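**Q** Contents of final.cif (mmCIF, C-alpha atoms and all ligand atoms):
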```
data_upload
loop_
_atom_site.label_atom_id
_atom_site.label_comp_id
_atom_site.auth_asym_id
_atom_site.auth_seq_id
_atom_site.Cartn_x
_atom_site.Cartn_y
_atom_site.Cartn_z
CA MET F 30 8.70 -14.59 35.20
CA ALA F 31 12.36 -13.71 35.02
CA GLY F 32 14.34 -13.14 38.22
CA VAL F 33 16.28 -10.06 39.26
CA SER F 34 19.45 -11.46 37.70
CA GLU F 35 17.80 -10.90 34.30
CA LEU F 36 18.14 -7.15 34.66
CA ASN F 37 21.35 -7.29 32.68
CA ARG F 38 19.49 -9.02 29.86
CA ARG F 39 17.62 -6.90 27.33
CA ALA F 40 14.13 -6.81 25.92
CA PHE F 41 13.42 -4.96 22.67
CA SER F 42 10.18 -4.23 20.89
CA GLY F 43 8.59 -1.67 18.59
CA ILE F 44 5.24 -0.46 17.31
CA GLN F 45 4.60 1.33 14.03
CA PRO F 46 3.18 4.87 14.13
CA THR F 47 0.57 4.14 11.48
CA ALA F 48 -2.56 5.35 13.29
CA ASP F 49 -3.58 8.18 15.61
CA SER F 50 -4.43 5.64 18.29
CA LEU F 51 -3.14 2.19 19.14
CA HIS F 52 -5.84 -0.47 19.39
CA LEU F 53 -6.69 -3.02 22.05
CA GLY F 54 -4.78 -5.76 20.18
CA ASN F 55 -1.58 -3.70 20.35
CA TYR F 56 -2.13 -3.09 24.04
CA LEU F 57 -3.07 -6.59 25.19
CA GLY F 58 -0.79 -8.41 22.73
CA ALA F 59 2.32 -6.28 23.27
CA LEU F 60 2.31 -3.06 25.28
CA LYS F 61 0.97 -4.62 28.47
CA GLN F 62 3.89 -7.07 28.46
CA TRP F 63 6.34 -4.27 27.72
CA VAL F 64 5.32 -2.59 30.95
CA GLU F 65 5.54 -5.80 32.98
CA LEU F 66 8.96 -6.77 31.63
CA GLN F 67 10.48 -3.55 32.95
CA SER F 68 10.97 -5.06 36.38
CA SER F 69 13.01 -7.95 35.05
CA PHE F 70 14.83 -6.77 31.91
CA GLN F 71 16.62 -3.72 30.64
CA CYS F 72 13.96 -2.65 28.14
CA VAL F 73 14.40 -0.81 24.87
CA TYR F 74 11.18 0.30 23.16
CA SER F 75 10.93 2.09 19.85
CA VAL F 76 8.45 3.98 17.72
CA VAL F 77 9.45 2.33 14.45
CA ASP F 78 8.84 5.12 11.94
CA LEU F 79 11.12 3.63 9.26
CA HIS F 80 8.83 0.61 9.15
CA ALA F 81 5.82 2.90 8.79
CA LEU F 82 7.32 4.34 5.58
CA THR F 83 6.42 1.06 3.85
CA VAL F 84 2.80 2.20 3.70
CA GLY F 85 3.68 5.59 2.15
CA PRO F 86 2.33 7.92 4.85
CA ASP F 87 1.81 11.65 4.53
CA PRO F 88 4.95 13.23 6.15
CA ALA F 89 3.03 15.60 8.45
CA ALA F 90 0.71 12.82 9.61
CA LEU F 91 3.69 10.54 10.22
CA ARG F 92 5.44 13.17 12.34
CA GLN F 93 2.32 13.67 14.41
CA ARG F 94 1.69 9.94 14.85
CA VAL F 95 5.25 9.34 16.02
CA ARG F 96 4.61 11.70 18.93
CA ALA F 97 1.15 10.31 19.62
CA THR F 98 2.55 6.76 19.67
CA ALA F 99 5.38 7.72 22.05
CA ALA F 100 2.85 9.45 24.34
CA GLN F 101 0.76 6.26 24.40
CA PHE F 102 3.80 4.14 25.37
CA LEU F 103 4.32 6.49 28.31
CA ALA F 104 0.62 6.53 29.22
CA ALA F 105 0.59 2.71 29.28
CA GLY F 106 3.41 2.74 31.83
CA VAL F 107 6.69 2.64 29.91
CA ASP F 108 8.96 4.36 32.41
CA PRO F 109 11.67 6.46 30.75
CA GLU F 110 13.76 6.37 33.93
CA ARG F 111 14.08 2.62 33.72
CA SER F 112 13.61 1.91 30.02
CA ILE F 113 14.92 3.38 26.81
CA LEU F 114 12.15 4.92 24.70
CA PHE F 115 13.22 6.30 21.32
CA ILE F 116 12.31 6.97 17.70
CA GLN F 117 13.89 4.47 15.32
CA SER F 118 14.93 7.05 12.70
CA GLN F 119 17.02 8.90 15.29
CA VAL F 120 19.48 6.01 15.40
CA PRO F 121 21.02 5.54 11.93
CA GLU F 122 22.57 2.18 12.81
CA HIS F 123 19.13 0.55 12.22
CA ALA F 124 19.40 1.24 8.50
CA MET F 125 23.13 0.44 8.47
CA LEU F 126 22.73 -2.98 10.08
CA THR F 127 19.79 -3.71 7.77
CA TRP F 128 22.16 -3.46 4.82
CA LEU F 129 24.59 -5.96 6.33
CA LEU F 130 21.73 -8.33 7.09
CA ASN F 131 20.31 -7.88 3.58
CA CYS F 132 23.53 -9.35 2.29
CA ILE F 133 23.08 -12.59 4.26
CA THR F 134 19.30 -12.96 3.77
CA GLY F 135 18.05 -15.20 0.99
CA PHE F 136 15.66 -13.65 -1.52
CA GLY F 137 13.40 -16.70 -1.19
CA GLU F 138 13.67 -16.59 2.58
CA ALA F 139 12.34 -13.02 2.69
CA GLY F 140 9.72 -13.86 0.07
CA ARG F 141 8.25 -16.58 2.30
CA MET F 142 7.13 -14.12 4.98
CA THR F 143 3.35 -14.50 5.13
CA GLN F 144 2.73 -10.84 6.04
CA PHE F 145 4.62 -9.82 2.90
CA LYS F 146 2.73 -12.33 0.81
CA ASP F 147 -0.63 -11.11 2.16
CA LYS F 148 0.18 -7.43 1.76
CA SER F 149 1.70 -7.80 -1.68
CA ALA F 150 -1.29 -9.84 -2.86
CA ARG F 151 -3.50 -6.94 -1.75
CA LEU F 152 -1.32 -4.23 -3.32
CA GLY F 153 -0.48 -5.93 -6.60
CA GLU F 154 2.95 -5.86 -8.28
CA LYS F 155 2.90 -2.13 -8.98
CA GLY F 156 2.15 -1.23 -5.37
CA VAL F 157 4.81 -3.39 -3.74
CA THR F 158 8.06 -1.66 -2.82
CA VAL F 159 11.48 -3.08 -2.03
CA GLY F 160 10.94 -1.53 1.41
CA LEU F 161 7.90 -3.71 2.07
CA PHE F 162 9.88 -6.78 1.01
CA ASP F 163 12.75 -5.78 3.28
CA TYR F 164 10.56 -4.94 6.27
CA PRO F 165 11.38 -8.11 8.28
CA VAL F 166 15.12 -7.59 7.78
CA LEU F 167 14.83 -4.07 9.22
CA MET F 168 12.93 -5.65 12.11
CA ALA F 169 15.75 -8.17 12.65
CA ALA F 170 18.25 -5.27 12.63
CA ASP F 171 16.18 -3.48 15.31
CA ILE F 172 16.39 -6.49 17.58
CA LEU F 173 19.98 -7.58 16.96
CA LEU F 174 21.28 -4.02 17.33
CA TYR F 175 20.49 -4.13 21.06
CA ASP F 176 21.65 -7.70 21.73
CA ALA F 177 18.04 -8.32 22.78
CA HIS F 178 17.29 -11.62 24.50
CA VAL F 179 13.51 -11.33 24.48
CA VAL F 180 11.05 -9.63 22.17
CA PRO F 181 7.50 -9.10 23.49
CA VAL F 182 5.07 -9.19 20.54
CA GLY F 183 1.74 -10.62 19.42
CA GLU F 184 1.31 -13.86 17.50
CA ASP F 185 1.37 -12.12 14.10
CA GLN F 186 5.06 -11.34 14.57
CA ARG F 187 6.17 -14.90 15.30
CA GLN F 188 7.43 -15.63 11.80
CA HIS F 189 9.39 -12.37 11.69
CA LEU F 190 10.97 -13.36 15.01
CA GLU F 191 11.97 -16.70 13.52
CA LEU F 192 13.75 -14.86 10.71
CA SER F 193 15.55 -12.69 13.27
CA ARG F 194 16.71 -15.83 15.09
CA ASP F 195 17.86 -17.47 11.85
CA LEU F 196 19.85 -14.37 10.90
CA ALA F 197 21.45 -14.16 14.35
CA GLU F 198 22.47 -17.82 14.14
CA ARG F 199 23.82 -17.29 10.63
CA LEU F 200 25.90 -14.34 11.82
CA ASN F 201 27.38 -16.48 14.57
CA ALA F 202 28.09 -19.38 12.21
CA ARG F 203 29.73 -17.20 9.54
CA TYR F 204 31.47 -14.54 11.58
CA GLY F 205 32.11 -16.32 14.87
CA GLU F 206 30.23 -16.93 18.10
CA GLY F 207 29.32 -13.75 19.89
CA THR F 208 28.55 -11.77 16.74
CA ALA F 209 24.86 -11.66 17.65
CA VAL F 210 22.55 -12.61 20.51
CA VAL F 211 19.84 -15.04 19.36
CA PRO F 212 16.53 -13.48 20.47
CA GLU F 213 13.46 -15.27 21.76
CA ALA F 214 9.87 -14.27 21.11
CA TYR F 215 7.90 -13.43 24.27
CA ILE F 216 4.31 -14.16 23.33
CA VAL F 217 1.63 -14.46 26.01
CA LYS F 218 -0.73 -17.14 24.75
CA SER F 219 -3.98 -15.78 26.20
CA THR F 220 -3.65 -12.38 24.49
CA ALA F 221 -1.38 -13.26 21.56
CA LYS F 222 -4.20 -12.65 19.12
CA ILE F 223 -7.13 -10.38 19.90
CA TYR F 224 -9.83 -10.70 17.27
CA ASP F 225 -11.92 -8.23 15.30
CA LEU F 226 -15.23 -7.54 17.09
CA GLN F 227 -17.18 -7.82 13.86
CA ASP F 228 -15.27 -10.79 12.47
CA PRO F 229 -13.94 -12.89 15.34
CA THR F 230 -11.98 -15.12 12.98
CA ALA F 231 -9.74 -12.22 11.83
CA LYS F 232 -7.22 -10.43 14.05
CA MET F 233 -8.06 -6.95 15.27
CA SER F 234 -6.07 -4.72 12.94
CA LYS F 235 -5.53 -1.08 12.00
CA THR F 236 -6.59 -1.95 8.49
CA GLY F 237 -9.78 -3.73 9.57
CA HIS F 238 -13.30 -2.28 9.61
CA PRO F 239 -13.50 0.57 12.20
CA SER F 240 -16.39 -1.02 14.09
CA GLY F 241 -14.31 -4.17 14.61
CA ILE F 242 -11.61 -2.42 16.60
CA ILE F 243 -11.34 -0.66 19.95
CA GLU F 244 -8.95 2.23 19.70
CA LEU F 245 -7.34 3.03 23.03
CA LEU F 246 -8.05 6.73 22.59
CA ASP F 247 -11.67 6.27 21.54
CA GLU F 248 -14.32 8.21 23.47
CA PRO F 249 -15.96 6.09 26.21
CA LYS F 250 -19.25 6.21 24.28
CA VAL F 251 -17.61 4.70 21.20
CA ILE F 252 -15.85 1.98 23.19
CA ALA F 253 -19.10 0.95 24.87
CA LYS F 254 -21.03 1.00 21.60
CA ARG F 255 -18.53 -1.18 19.77
CA ILE F 256 -18.39 -3.78 22.52
CA LYS F 257 -22.16 -3.91 22.77
CA ALA F 258 -22.40 -4.33 18.99
CA ALA F 259 -19.78 -7.11 18.88
CA VAL F 260 -20.77 -10.12 16.83
CA THR F 261 -21.55 -13.09 19.05
CA ASP F 262 -22.27 -16.67 18.25
CA SER F 263 -25.39 -18.73 17.91
CA GLY F 264 -26.71 -20.23 21.14
CA MET F 265 -27.24 -18.38 24.39
CA GLU F 266 -24.90 -19.90 26.91
CA ILE F 267 -21.67 -18.20 27.91
CA THR F 268 -19.01 -20.90 27.65
CA TRP F 269 -15.28 -20.91 26.91
CA ASP F 270 -15.16 -22.51 23.49
CA PRO F 271 -12.79 -20.59 21.16
CA GLU F 272 -13.38 -22.99 18.30
CA ASN F 273 -17.17 -22.98 18.20
CA LYS F 274 -17.82 -19.66 19.94
CA PRO F 275 -15.03 -17.37 18.74
CA GLY F 276 -17.02 -14.18 19.36
CA ILE F 277 -17.73 -14.95 23.03
CA ALA F 278 -14.21 -16.34 23.52
CA ASN F 279 -12.75 -13.08 22.21
CA LEU F 280 -14.87 -11.03 24.63
CA LEU F 281 -13.91 -13.35 27.50
CA SER F 282 -10.20 -13.05 26.60
CA ILE F 283 -10.42 -9.27 26.60
CA TYR F 284 -12.40 -9.27 29.86
CA SER F 285 -9.91 -11.65 31.44
CA ALA F 286 -6.87 -9.61 30.35
CA LEU F 287 -8.37 -6.37 31.66
CA THR F 288 -9.43 -7.76 35.05
CA GLY F 289 -6.98 -10.59 35.80
CA LYS F 290 -9.90 -13.05 36.22
CA SER F 291 -9.50 -16.28 34.26
CA PRO F 292 -11.99 -17.05 31.46
CA GLN F 293 -13.20 -20.04 33.49
CA GLN F 294 -13.88 -17.82 36.48
CA LEU F 295 -15.85 -15.45 34.24
CA VAL F 296 -17.85 -18.32 32.77
CA GLN F 297 -18.85 -19.27 36.33
CA GLU F 298 -19.82 -15.69 37.17
CA TYR F 299 -22.01 -15.48 34.07
CA GLU F 300 -23.68 -18.84 34.44
CA GLY F 301 -27.33 -18.50 33.50
CA LYS F 302 -26.85 -14.97 32.16
CA MET F 303 -27.22 -13.74 28.58
CA TYR F 304 -24.59 -12.50 26.12
CA GLY F 305 -25.98 -9.00 26.63
CA HIS F 306 -25.02 -9.01 30.34
CA LEU F 307 -21.47 -9.91 29.51
CA LYS F 308 -21.24 -7.17 26.89
CA VAL F 309 -22.67 -4.46 29.16
CA ASP F 310 -20.24 -5.34 31.96
CA LEU F 311 -17.26 -5.64 29.62
CA ALA F 312 -18.12 -2.25 28.12
CA ASP F 313 -17.88 -0.73 31.63
CA VAL F 314 -14.64 -2.57 32.39
CA ALA F 315 -13.03 -1.41 29.13
CA VAL F 316 -14.19 2.18 29.50
CA GLU F 317 -12.81 2.38 33.04
CA ALA F 318 -9.56 0.62 32.12
CA LEU F 319 -8.92 2.98 29.21
CA ARG F 320 -10.03 6.24 30.85
CA PRO F 321 -6.72 6.91 32.67
CA PHE F 322 -4.82 5.84 29.58
CA ARG F 323 -6.61 8.45 27.49
CA GLU F 324 -6.11 11.16 30.11
CA LYS F 325 -2.41 10.43 30.53
CA THR F 326 -1.82 10.41 26.77
CA ALA F 327 -3.41 13.86 26.53
CA LEU F 328 -1.16 15.14 29.33
CA PHE F 329 2.01 13.90 27.61
CA LEU F 330 0.90 15.43 24.31
CA ALA F 331 0.11 18.73 26.02
CA ASP F 332 3.73 19.11 27.11
CA PRO F 333 5.84 18.86 23.92
CA SER F 334 9.09 19.93 25.58
CA GLN F 335 8.85 17.14 28.16
CA LEU F 336 8.10 14.59 25.43
CA ASP F 337 11.03 15.88 23.34
CA ALA F 338 13.36 15.63 26.33
CA ILE F 339 12.31 12.03 26.98
CA LEU F 340 12.75 11.06 23.33
CA ASP F 341 16.11 12.85 23.02
CA GLN F 342 17.42 11.16 26.10
CA GLY F 343 16.13 7.82 24.81
CA ALA F 344 17.83 8.32 21.44
CA ALA F 345 21.13 9.15 23.14
CA ARG F 346 20.97 6.01 25.30
CA ALA F 347 19.88 3.84 22.36
CA SER F 348 22.68 5.25 20.18
CA GLU F 349 25.30 4.31 22.70
CA ILE F 350 24.33 0.64 22.52
CA ALA F 351 23.61 0.66 18.78
CA ARG F 352 26.98 2.20 17.89
CA GLN F 353 28.83 -0.38 19.90
CA VAL F 354 26.92 -3.40 18.57
CA TYR F 355 26.99 -2.16 14.98
CA GLY F 356 30.76 -1.60 15.28
CA ARG F 357 31.27 -5.15 16.49
CA VAL F 358 29.23 -6.66 13.63
CA ALA F 359 30.58 -4.38 10.88
CA GLN F 360 34.16 -5.12 11.86
CA ARG F 361 33.50 -8.83 11.53
CA PHE F 362 32.03 -8.29 8.05
CA GLY F 363 35.25 -6.48 7.10
CA VAL F 364 33.62 -3.11 6.41
CA SER F 365 34.82 0.04 8.08
CA VAL F 366 33.06 1.54 11.05
CA PRO F 367 32.23 5.26 11.04
CA ARG F 368 34.32 7.25 13.53
P1 LIG K 401 2.61 -3.45 14.72
O1 LIG K 401 2.91 -2.02 14.82
O2 LIG K 401 1.76 -3.93 13.60
O3 LIG K 401 1.90 -3.98 16.04
C1 LIG K 401 2.43 -3.68 17.31
C2 LIG K 401 2.30 -4.86 18.25
O4 LIG K 401 0.93 -5.21 18.45
C3 LIG K 401 0.75 -6.61 18.25
N1 LIG K 401 -0.59 -6.84 17.71
C4 LIG K 401 -1.49 -7.69 18.24
N2 LIG K 401 -1.43 -8.51 19.30
C5 LIG K 401 -2.54 -9.23 19.60
N3 LIG K 401 -3.69 -9.17 18.87
C6 LIG K 401 -3.79 -8.35 17.81
N4 LIG K 401 -4.92 -8.28 17.12
C7 LIG K 401 -2.66 -7.57 17.45
N5 LIG K 401 -2.42 -6.67 16.46
C8 LIG K 401 -1.14 -6.23 16.64
C9 LIG K 401 1.84 -6.98 17.25
O5 LIG K 401 2.13 -8.35 17.28
C10 LIG K 401 2.99 -6.13 17.72
O6 LIG K 401 3.69 -6.74 18.79
N6 LIG K 401 6.71 -5.48 12.86
C11 LIG K 401 6.15 -4.96 14.07
C12 LIG K 401 6.87 -3.74 14.60
C13 LIG K 401 8.33 -3.93 14.82
C14 LIG K 401 8.93 -4.71 15.85
C15 LIG K 401 10.34 -4.55 15.66
C16 LIG K 401 8.43 -5.51 16.87
C17 LIG K 401 9.33 -3.36 14.11
N7 LIG K 401 10.55 -3.75 14.60
C18 LIG K 401 11.23 -5.20 16.50
C19 LIG K 401 9.34 -6.16 17.69
C20 LIG K 401 10.73 -6.00 17.51
C21 LIG K 401 4.71 -4.58 13.76
O7 LIG K 401 4.33 -4.46 12.65
O8 LIG K 401 3.97 -4.29 14.79
#
```
As structure tokens - that is how I would like this structure written.
**A**
Amino acid sequence: MAGVSELNRRAFSGIQPTADSLHLGNYLGALKQWVELQSSFQCVYSVVDLHALTVGPDPAALRQRVRATAAQFLAAGVDPERSILFIQSQVPEHAMLTWLLNCITGFGEAGRMTQFKDKSARLGEKGVTVGLFDYPVLMAADILLYDAHVVPVGEDQRQHLELSRDLAERLNARYGEGTAVVPEAYIVKSTAKIYDLQDPTAKMSKTGHPSGIIELLDEPKVIAKRIKAAVTDSGMEITWDPENKPGIANLLSIYSALTGKSPQQLVQEYEGKMYGHLKVDLADVAVEALRPFREKTALFLADPSQLDAILDQGAARASEIARQVYGRVAQRFGVSVPR
């Protein structure tokens, strides 16, 4: 863990407002680390609504999900006194820096992003937009705009982070050292990839089958039901064997992340017990862990003027940094900087 001296270093991360509720993968893979990093970094966290446009959302639903996502950041423990919490589209420099980065990104380089390849294979040529192709460059702009040193994300974002690093290094090589800070991914191995409860070889995802995911705002009954119905593996013994027992390993990872007990410790506790015991206990643990989260989210959503004030203040603080960093980069490119 970083020392106090790191407080003048920045962390940046974002989550897309593409669902009414975040899921357990978002929480354990990213949001939990966001909260922890607040004691050691100056943190900047964003609801990345421009990214969400790549899936063509209904405007009213998008607006509502932006607020719901911000409320969930707060409910998880993002502290607006210490950290900057803002909506991406309120800071125009994100789009402006994206253009500069577009002009130093190779077409082939962007085309190699596996998330783009997967999504475009699913959508077919007619469904793929330039925005979807450019998505990782906008993500690099998000990060570089705040001179971020660390970026807490799940495993699925690693390749995008590599692109951000490559672009930062390219900026420094072409336009002089100090043009950009080269960011590092902050990925916690044990929760970097939470798997689908119905298909423990696929990551838990907003686009997966509903019964495979735990939404953080789900009713306790639903959470318990989904965990109890999780697919487990052949055999009866509870062991830590991610390769041969991916279903049990996924449940143990979730259990471990929610309680702080190591998977090995849990295996000892459940020696001689059946899969069903583990599921019943984990259902209780998850329900109790998520109950305050759900209640706090509802409180933040019930007070729109407080939420607006937090987001406005966040946008103002984010803009101050973004304007300065964009100005520095734009000047080096030789383009003018808005007054
Ligand atoms: P998004 O909105 O898809 O996901 C938000 C965060 O949740 C993590 N995550 C997972 N972690 C573990 N297991 C899972 N099953 C799982 N599913 C999702 C993601 O890795 C992510 O950290 N491109 C980003 C959003 C973004 C961003 C940024 C992130 C835009 N600009 C700048 C960091 C910095 C994304 O699509 O996340």
**Q** I'd like the contact shell of F:Arg187 - 10 Å cut-off, all atoms listed in the file, skipping same-chain residues fewer than 3 positions apart - returned as a PyMOL selection string.
**A** chain F and resi 180+182-184+190-193+213-216+221
**Q** Set the cut-off to 7 Å, count only C-alpha atoms and all ligand atoms, and list whatever residues fall near ligand LIG 401 (chain K) as a VMD selection string.
**A** chain F and resid 41 to 46 54 to 59 77 80 167 to 169 171 to 172 180 to 186 220 to 224 232 to 234
**Q** I'd like the neighbourhood of F:Leu126 as a list in words, where a residue qualifies if any of its atoms comes within 10 Å (using only C-alpha atoms), though same-chain residues fewer than 4 positions away should be ignored.
**A**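 The residues that qualify are Pro121, Glu122, Leu130, Asn131, Val166, Leu167, Ala169, Ala170, Asp171, Leu173, Leu174, Ala351, Val354, Tyr355, Gly356, Val358 and Ala359 of chain F.
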**Q** Excluding same-chain residues fewer than 3 positions from stretch 303-308 of chain F, what lies within 7 Å of it counting all atoms listed in the file, as a list in words?
**A**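 Counting only the stated atoms, we get Ile256, Lys257, Met265, Glu266, Ile267, Leu311 and Ala312 of chain F.
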**Q** Quick one, how far is atom CA of F:Cys72 from atom CA of F:Ser112?
**A**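 Computing the Euclidean distance for atom CA of F:Cys72 and atom CA of F:Ser112 yields 4.9 Å.
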**Q** Smallest atom-to-atom distance to F:Val251: which of F:Pro275, F:Ser365, F:Ala315, F:Asp195, using all atoms listed in the file?
**A**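 Smallest distance to F:Val251 is found for F:Ala315.
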**Q** One decimal, in Å: what's the spacing between atom CA of F:Asp225 and atom CA of F:Ile242?
**A**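 So the two atoms, atom CA of F:Asp225 and atom CA of F:Ile242, lie 6.0 Å apart.
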**Q** Could you list, as a VMD selection string, every residue within 7 Å of stretch 47-51 of chain F, counting only C-alpha atoms and ignoring same-chain residues fewer than 5 positions away?
**A** chain F and resid 81 94 97 244 to 246
**Q** Create the file for the chosen residues now, containing C-alpha atoms and written as a short mmCIF file (atom, residue, chain, number, x, y, z; two decimals), in the frame of the given file.
**A**
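again-v2.cif, freshly written:
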```cif
data_model
loop_
_atom_site.label_atom_id
_atom_site.label_comp_id
_atom_site.auth_asym_id
_atom_site.auth_seq_id
_atom_site.Cartn_x
_atom_site.Cartn_y
_atom_site.Cartn_z
CA ALA F 81 5.82 2.90 8.79
CA ARG F 94 1.69 9.94 14.85
CA ALA F 97 1.15 10.31 19.62
CA GLU F 244 -8.95 2.23 19.70
CA LEU F 245 -7.34 3.03 23.03
CA LEU F 246 -8.05 6.73 22.59
#
```
**Q** Quick one: residues within 12 Å of F:Asn201, only C-alpha atoms counted, chain neighbours fewer than 4 positions away excluded, as a ChimeraX atom specification?
**A** /F:133,173,194-197,205-211,358,361-362
**Q** Using the partial input, fill out stretch 214-221 of chain F with all heavy atoms; write the result as a PDB file, in the coordinates of the input.
**A**
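rebuild35.pdb was written with the following content:
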```pdb
ATOM      1  N   ALA F 214      11.164 -14.962  21.089  1.00  0.00           N
ATOM      2  CA  ALA F 214       9.870 -14.270  21.110  1.00  0.00           C
ATOM      3  C   ALA F 214       9.260 -14.419  22.503  1.00  0.00           C
ATOM      4  O   ALA F 214       9.393 -15.471  23.123  1.00  0.00           O
ATOM      5  CB  ALA F 214       8.944 -14.890  20.071  1.00  0.00           C
ATOM      6  N   TYR F 215       8.640 -13.365  22.993  1.00  0.00           N
ATOM      7  CA  TYR F 215       7.900 -13.430  24.270  1.00  0.00           C
ATOM      8  C   TYR F 215       6.450 -13.171  23.914  1.00  0.00           C
ATOM      9  O   TYR F 215       6.040 -12.027  23.686  1.00  0.00           O
ATOM     10  CB  TYR F 215       8.472 -12.375  25.220  1.00  0.00           C
ATOM     11  CG  TYR F 215       7.841 -12.379  26.590  1.00  0.00           C
ATOM     12  CD1 TYR F 215       8.370 -13.136  27.625  1.00  0.00           C
ATOM     13  CD2 TYR F 215       6.714 -11.598  26.861  1.00  0.00           C
ATOM     14  CE1 TYR F 215       7.795 -13.129  28.887  1.00  0.00           C
ATOM     15  CE2 TYR F 215       6.131 -11.585  28.122  1.00  0.00           C
ATOM     16  CZ  TYR F 215       6.681 -12.350  29.127  1.00  0.00           C
ATOM     17  OH  TYR F 215       6.112 -12.342  30.374  1.00  0.00           O
ATOM     18  N   ILE F 216       5.702 -14.261  23.779  1.00  0.00           N
ATOM     19  CA  ILE F 216       4.310 -14.160  23.330  1.00  0.00           C
ATOM     20  C   ILE F 216       3.411 -14.776  24.391  1.00  0.00           C
ATOM     21  O   ILE F 216       3.547 -15.957  24.699  1.00  0.00           O
ATOM     22  CB  ILE F 216       4.118 -14.880  21.963  1.00  0.00           C
ATOM     23  CG1 ILE F 216       5.027 -14.236  20.890  1.00  0.00           C
ATOM     24  CG2 ILE F 216       2.653 -14.845  21.520  1.00  0.00           C
ATOM     25  CD1 ILE F 216       5.001 -14.927  19.535  1.00  0.00           C
ATOM     26  N   VAL F 217       2.536 -13.967  24.965  1.00  0.00           N
ATOM     27  CA  VAL F 217       1.630 -14.460  26.010  1.00  0.00           C
ATOM     28  C   VAL F 217       0.405 -15.071  25.331  1.00  0.00           C
ATOM     29  O   VAL F 217      -0.339 -14.379  24.633  1.00  0.00           O
ATOM     30  CB  VAL F 217       1.221 -13.328  26.966  1.00  0.00           C
ATOM     31  CG1 VAL F 217       0.161 -13.790  27.949  1.00  0.00           C
ATOM     32  CG2 VAL F 217       2.450 -12.829  27.718  1.00  0.00           C
ATOM     33  N   LYS F 218       0.248 -16.388  25.531  1.00  0.00           N
ATOM     34  CA  LYS F 218      -0.730 -17.140  24.750  1.00  0.00           C
ATOM     35  C   LYS F 218      -2.149 -16.536  24.822  1.00  0.00           C
ATOM     36  O   LYS F 218      -2.816 -16.377  23.804  1.00  0.00           O
ATOM     37  CB  LYS F 218      -0.749 -18.591  25.252  1.00  0.00           C
ATOM     38  CG  LYS F 218      -1.349 -19.557  24.275  1.00  0.00           C
ATOM     39  CD  LYS F 218      -0.946 -20.996  24.621  1.00  0.00           C
ATOM     40  CE  LYS F 218      -1.717 -21.985  23.772  1.00  0.00           C
ATOM     41  NZ  LYS F 218      -3.025 -22.355  24.337  1.00  0.00           N
ATOM     42  N   SER F 219      -2.576 -16.176  26.041  1.00  0.00           N
ATOM     43  CA  SER F 219      -3.980 -15.780  26.200  1.00  0.00           C
ATOM     44  C   SER F 219      -4.344 -14.492  25.465  1.00  0.00           C
ATOM     45  O   SER F 219      -5.516 -14.263  25.165  1.00  0.00           O
ATOM     46  CB  SER F 219      -4.310 -15.647  27.689  1.00  0.00           C
ATOM     47  OG  SER F 219      -3.386 -14.776  28.292  1.00  0.00           O
ATOM     48  N   THR F 220      -3.344 -13.643  25.185  1.00  0.00           N
ATOM     49  CA  THR F 220      -3.650 -12.380  24.490  1.00  0.00           C
ATOM     50  C   THR F 220      -2.836 -12.219  23.207  1.00  0.00           C
ATOM     51  O   THR F 220      -2.731 -11.128  22.665  1.00  0.00           O
ATOM     52  CB  THR F 220      -3.374 -11.171  25.405  1.00  0.00           C
ATOM     53  OG1 THR F 220      -2.054 -11.308  25.941  1.00  0.00           O
ATOM     54  CG2 THR F 220      -4.381 -11.057  26.524  1.00  0.00           C
ATOM     55  N   ALA F 221      -2.272 -13.328  22.725  1.00  0.00           N
ATOM     56  CA  ALA F 221      -1.380 -13.260  21.560  1.00  0.00           C
ATOM     57  C   ALA F 221      -2.120 -12.803  20.309  1.00  0.00           C
ATOM     58  O   ALA F 221      -1.531 -12.241  19.398  1.00  0.00           O
ATOM     59  CB  ALA F 221      -0.759 -14.626  21.319  1.00  0.00           C
TER      60      ALA F 221
END
```
